[in-house]
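Working notes, beginning with the structure itself.
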Amino acid sequence: MSNGDSSTFKYAYYPGCVSQTSGKELDISTRLVASKLGIELIDFPNFSCCGAGFVDEVDVDFNTVLNARNLAIAREQNLDMLTICSTCQGMLSRSNQILNNDKSMKKKADNILSKVGKSYDGNETIKHLLWILVADYGLDKLKEKIVKPLTGLRVASFYGCHLLRPQNVVGGIDDPDNPQSFEQLIEILGATPVIYGGRSSCCGFPGLLHKEEAANKMAGLNLLDAKTKGADIMVTSCPLCHISLDNFQETAEKYVNSEIDLPVLHLPQLVGLALGISPDKLGIDRHLVDAQRVLNIIYQ
């Protein structure tokens with residue numbers, strides 16, 4: 001609906017960095033799901049990194065201009081931007097807000113962008129895939145496409161910080177303290193959402209490099225909370241969260257003195273399963289925590 005036509009679903013696709021490198025399964029599954037649903041993803045190979053929450057800690061102005069360029073590229077085609085990473089969602093949205101509220105920063109960005117033949121009018125809309133499925137595409141329409149309901153599967157959502165907060169920046173459709181959109185999606189897919197305290201918490205990723213114990217303990221407690229509440233699987237909206245919760249899960253277990261063994265999928269992988277896409281095509285075998293027993297629940 002990004003081009004103003006309510007009958008079409010066409011977006012400027014911003015995959016972020018991780019989904020093009022170590023987390024390729026996220027990009028692959030996103031494209032497969034979009035194709036199944038009739039969502040057109042327009043690629044822009046000249047998009048750059050969003051800064052990932054690290055660049056802005058060193059130089060906010062540089063990070064703002066970096067994303068002003070990304071936003072300008074999408075706006076040239078009059079397309080809303082689709083993200084598949086809550087961190088990208090947060091960084092792009094924050095830059096957008098700064099450019100719309102800080103006249104001096106907007107002037108500085110305009111001067112820099114002009115040197116590469118770009119300009120940004122401040123009207124770009126950034127939407128995470130979760131919000132597009134729930135609000136743009138619509139859950140009723142999505143339900144019509146489901147061929148393999150995920151009956152019997154208990155799913156713990158993990159929103160990620162930047163998908164929910166600050167609410168006035170990220171422009172989300174959810175309550176940052178008691179979000180519901182992920183759970184609504186899970187129910188439409190035929191699975192049972194698991195409510196647990198850590199679903200809207202931080203995954204710990206920002207601290208992995210300099211506060212290893214605190215970061216891994218944070219991830220471990222979130223995973224353990226979900227597992228204790230009966231989750232068969234956890235699903236993330238952010239590949240950085242996925243790294244903390246899947247790639248570092250074995251390490252996290254040591255810091256919480258518990259075996260967790262909770263498989264973690266990306267959002268489009270879960271949706272893809274319900275749409276009848278095979279697990280091998282979705283790249284589920286790329287994850288470190290084996291999800292085979294979860295697949296057995298679905299395909300029994």
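Simple scheme: letters A, B, ... for chains in structure tokens order, numbers from 1 for residues in each chain, numbers from 1 for ligands in the order shown.
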
Practice item. Would you list the contacts of Val55 in chain A as a list of chain:residue names, taking every protein, DNA or RNA residue within 10 Å and counting only C-alpha atoms, but skipping same-chain residues closer than 6 positions in sequence? Key: A:Cys49, A:Asp61, A:Phe62, A:Asn63, A:Thr64, A:Leu66, A:Met91

Exercise for review: Pick out the residues sitting within 8 Å of Leu92 in chain A, and hand them over as a PyMOL selection string; count only C-alpha atoms, and ignore anything fewer than 4 positions along from it in its own chain.
Suggested key: chain A and resi 50+67+71+88+96+126

Practice item. Mind checking which residues fall within 12 Å of Ser48 in chain A, counting only C-alpha atoms, ignoring those fewer than 2 positions away in the same chain, and posting them as number ranges by chain? Key: A: 14-17, 20, 44-46, 50-52, 63, 65-74, 88, 92

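Considering only range 58-291 of chain A, backbone DSSP assigns strand (DSSP E or B) to Met81, Leu82, Thr83, Ile126, Lys127, His128, Arg154, Val155, Ala156, Ser157, Phe158, Thr192, Pro193, Val194, Ile233, Met234, Val235, Thr236, Val264, Leu265 and His266 of chain A.
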
May I have the residues from that selection written out with C-alpha atoms, as a PDB file, in the first residue's frame?
```pdb
ATOM      1  CA  MET A  81      10.400   1.083   3.393  1.00  0.00           C
ATOM      2  CA  LEU A  82      10.052  -2.504   4.615  1.00  0.00           C
ATOM      3  CA  THR A  83      12.522  -3.622   7.283  1.00  0.00           C
ATOM      4  CA  ILE A 126       9.473   2.884   7.708  1.00  0.00           C
ATOM      5  CA  LYS A 127       7.569  -0.299   8.519  1.00  0.00           C
ATOM      6  CA  HIS A 128       8.754  -3.575   9.961  1.00  0.00           C
ATOM      7  CA  ARG A 154       3.533 -23.082  21.492  1.00  0.00           C
ATOM      8  CA  VAL A 155       5.399 -19.970  20.329  1.00  0.00           C
ATOM      9  CA  ALA A 156       7.160 -17.312  22.410  1.00  0.00           C
ATOM     10  CA  SER A 157       7.568 -14.008  20.574  1.00  0.00           C
ATOM     11  CA  PHE A 158      10.614 -11.793  21.032  1.00  0.00           C
ATOM     12  CA  THR A 192      -0.526 -20.800  20.595  1.00  0.00           C
ATOM     13  CA  PRO A 193       1.266 -17.652  21.818  1.00  0.00           C
ATOM     14  CA  VAL A 194       3.205 -17.963  25.065  1.00  0.00           C
ATOM     15  CA  ILE A 233      10.053 -22.311  20.144  1.00  0.00           C
ATOM     16  CA  MET A 234      10.959 -18.618  20.178  1.00  0.00           C
ATOM     17  CA  VAL A 235      10.544 -16.306  17.180  1.00  0.00           C
ATOM     18  CA  THR A 236      12.408 -13.026  16.733  1.00  0.00           C
ATOM     19  CA  VAL A 264      14.775 -19.822  17.713  1.00  0.00           C
ATOM     20  CA  LEU A 265      13.302 -18.910  14.320  1.00  0.00           C
ATOM     21  CA  HIS A 266      13.048 -15.666  12.380  1.00  0.00           C
TER      22      HIS A 266
END
```

Exercise for review: Just the residues within 10 Å of range 160-177 of chain A, please, counting only C-alpha atoms, with nothing from its chain fewer than 2 positions along; format it as an MDAnalysis selection string.
Suggested key: chainID A and resid 53 85:98 125:128 130:131 134:135 157:158 179:182 198:204 236:242

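Between CA of Ile260 in chain A and CA of Ile297 in chain A the separation is 18.4 Å.
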
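Minimum atom-to-atom distances from A:Gln269, A:Thr251, A:Asn296, A:Asn123 to Glu213 in chain A were compared using only C-alpha atoms, and the lowest value belongs to A:Thr251.
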
**Study point:** Spatial neighbours of range 276-283 of chain A, max dist 12 Å, only C-alpha atoms, sep filter under 5 positions, as an NGL selection string
**Key:** :A and (19 or 22-37 or 145-150 or 189 or 265-271 or 288 or 290-292 or 294-296 or 298-299)

Point to revise | Atomic separation - CA of Arg286 in chain A relative to CA of Lys229 in chain A, Å | key: 25.9 Å

Practice item. Please report, as a ChimeraX atom specification, each residue of range 18-194 of chain A to which DSSP assigns helix (DSSP H, G or I) when run on this structure's backbone. Key: /A:18-20,24-37,55-58,60-76,86-101,103-114,129-145,161-164,167-170,181-188

Taking C-alpha atoms for each residue, export the selection above as a compact mmCIF listing (two decimals), in the first residue's frame.
```
# COMPACT_ATOMS: atom_id res chain seq x y z
CA VAL A 18 23.06 -9.47 8.84
CA SER A 19 20.47 -10.98 6.49
CA GLN A 20 22.93 -10.63 3.63
CA LYS A 24 21.03 -15.23 4.94
CA GLU A 25 18.09 -17.43 5.89
CA LEU A 26 16.24 -14.30 7.07
CA ASP A 27 16.48 -12.68 3.65
CA ILE A 28 15.67 -15.94 1.87
CA SER A 29 12.58 -16.62 3.98
CA THR A 30 11.40 -13.01 3.67
CA ARG A 31 11.52 -13.20 -0.11
CA LEU A 32 9.71 -16.55 -0.16
CA VAL A 33 6.93 -15.28 2.12
CA ALA A 34 6.56 -12.05 0.17
CA SER A 35 6.25 -14.00 -3.07
CA LYS A 36 3.56 -16.28 -1.58
CA LEU A 37 1.58 -13.29 -0.34
CA VAL A 55 27.65 4.30 14.89
CA ASP A 56 25.26 6.74 16.57
CA GLU A 57 26.98 6.17 19.92
CA VAL A 58 30.13 7.62 18.38
CA VAL A 60 24.90 10.88 15.93
CA ASP A 61 25.20 13.40 13.10
CA PHE A 62 27.10 10.97 10.89
CA ASN A 63 24.56 8.22 11.59
CA THR A 64 21.70 10.60 10.81
CA VAL A 65 23.15 11.57 7.43
CA LEU A 66 23.98 7.94 6.68
CA ASN A 67 20.31 7.06 7.06
CA ALA A 68 19.09 10.27 5.40
CA ARG A 69 20.68 8.87 2.27
CA ASN A 70 18.90 5.52 2.70
CA LEU A 71 15.59 7.29 3.26
CA ALA A 72 16.16 9.52 0.25
CA ILE A 73 16.77 6.54 -2.01
CA ALA A 74 13.45 4.94 -1.04
CA ARG A 75 11.59 8.26 -1.27
CA GLU A 76 12.80 8.79 -4.85
CA SER A 86 14.01 -4.16 14.65
CA THR A 87 17.40 -2.46 15.03
CA CYS A 88 17.23 -1.14 11.46
CA GLN A 89 13.68 -0.04 12.21
CA GLY A 90 14.89 1.92 15.20
CA MET A 91 17.90 3.54 13.54
CA LEU A 92 16.06 4.59 10.37
CA SER A 93 13.10 5.88 12.36
CA ARG A 94 15.31 7.82 14.75
CA SER A 95 17.15 9.51 11.89
CA ASN A 96 13.85 10.34 10.24
CA GLN A 97 12.59 11.99 13.42
CA ILE A 98 15.78 14.02 13.86
CA LEU A 99 15.59 15.27 10.27
CA ASN A 100 11.99 16.32 10.79
CA ASN A 101 12.55 18.10 14.09
CA LYS A 103 16.34 22.26 11.35
CA SER A 104 20.09 22.65 11.72
CA MET A 105 20.64 18.92 11.30
CA LYS A 106 18.30 18.86 8.30
CA LYS A 107 20.34 21.66 6.70
CA LYS A 108 23.59 19.84 7.38
CA ALA A 109 22.17 16.62 5.90
CA ASP A 110 20.88 18.46 2.83
CA ASN A 111 24.32 19.95 2.18
CA ILE A 112 26.01 16.56 2.41
CA LEU A 113 23.37 14.73 0.39
CA SER A 114 23.59 17.30 -2.40
CA LEU A 129 7.52 -6.78 8.30
CA LEU A 130 5.49 -7.59 11.42
CA TRP A 131 3.52 -4.37 11.15
CA ILE A 132 3.03 -4.81 7.42
CA LEU A 133 1.58 -8.29 7.92
CA VAL A 134 -0.69 -7.15 10.76
CA ALA A 135 -1.74 -3.67 9.64
CA ASP A 136 -1.12 -3.30 5.89
CA TYR A 137 -1.68 -6.78 4.53
CA GLY A 138 -4.10 -7.69 7.30
CA LEU A 139 -4.46 -10.81 9.41
CA ASP A 140 -7.74 -11.84 7.79
CA LYS A 141 -6.12 -11.79 4.36
CA LEU A 142 -3.11 -13.66 5.70
CA LYS A 143 -5.35 -16.34 7.22
CA GLU A 144 -6.75 -17.10 3.78
CA LYS A 145 -3.25 -18.00 2.58
CA CYS A 161 13.90 -3.20 21.89
CA HIS A 162 13.83 -1.04 18.77
CA LEU A 163 10.54 -2.41 17.50
CA LEU A 164 8.70 -1.03 20.52
CA GLN A 167 7.17 4.56 20.71
CA ASN A 168 7.11 8.15 19.43
CA VAL A 169 10.20 7.39 17.33
CA VAL A 170 9.64 3.93 15.85
CA SER A 181 0.71 -7.76 17.40
CA PHE A 182 3.16 -10.67 17.43
CA GLU A 183 0.76 -12.77 19.50
CA GLN A 184 -2.11 -11.93 17.13
CA LEU A 185 0.00 -13.10 14.21
CA ILE A 186 0.97 -16.31 15.99
CA GLU A 187 -2.69 -17.12 16.63
CA ILE A 188 -3.62 -16.51 12.99
```

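Take CA of Thr228 in chain A and CA of Ser244 in chain A: the distance between them is 18.7 Å.
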
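Distances to Thr8 in chain A were evaluated for A:Thr21, A:Asp232, A:Lys115, A:Gly38 using only C-alpha atoms, and the minimum falls at A:Gly38.
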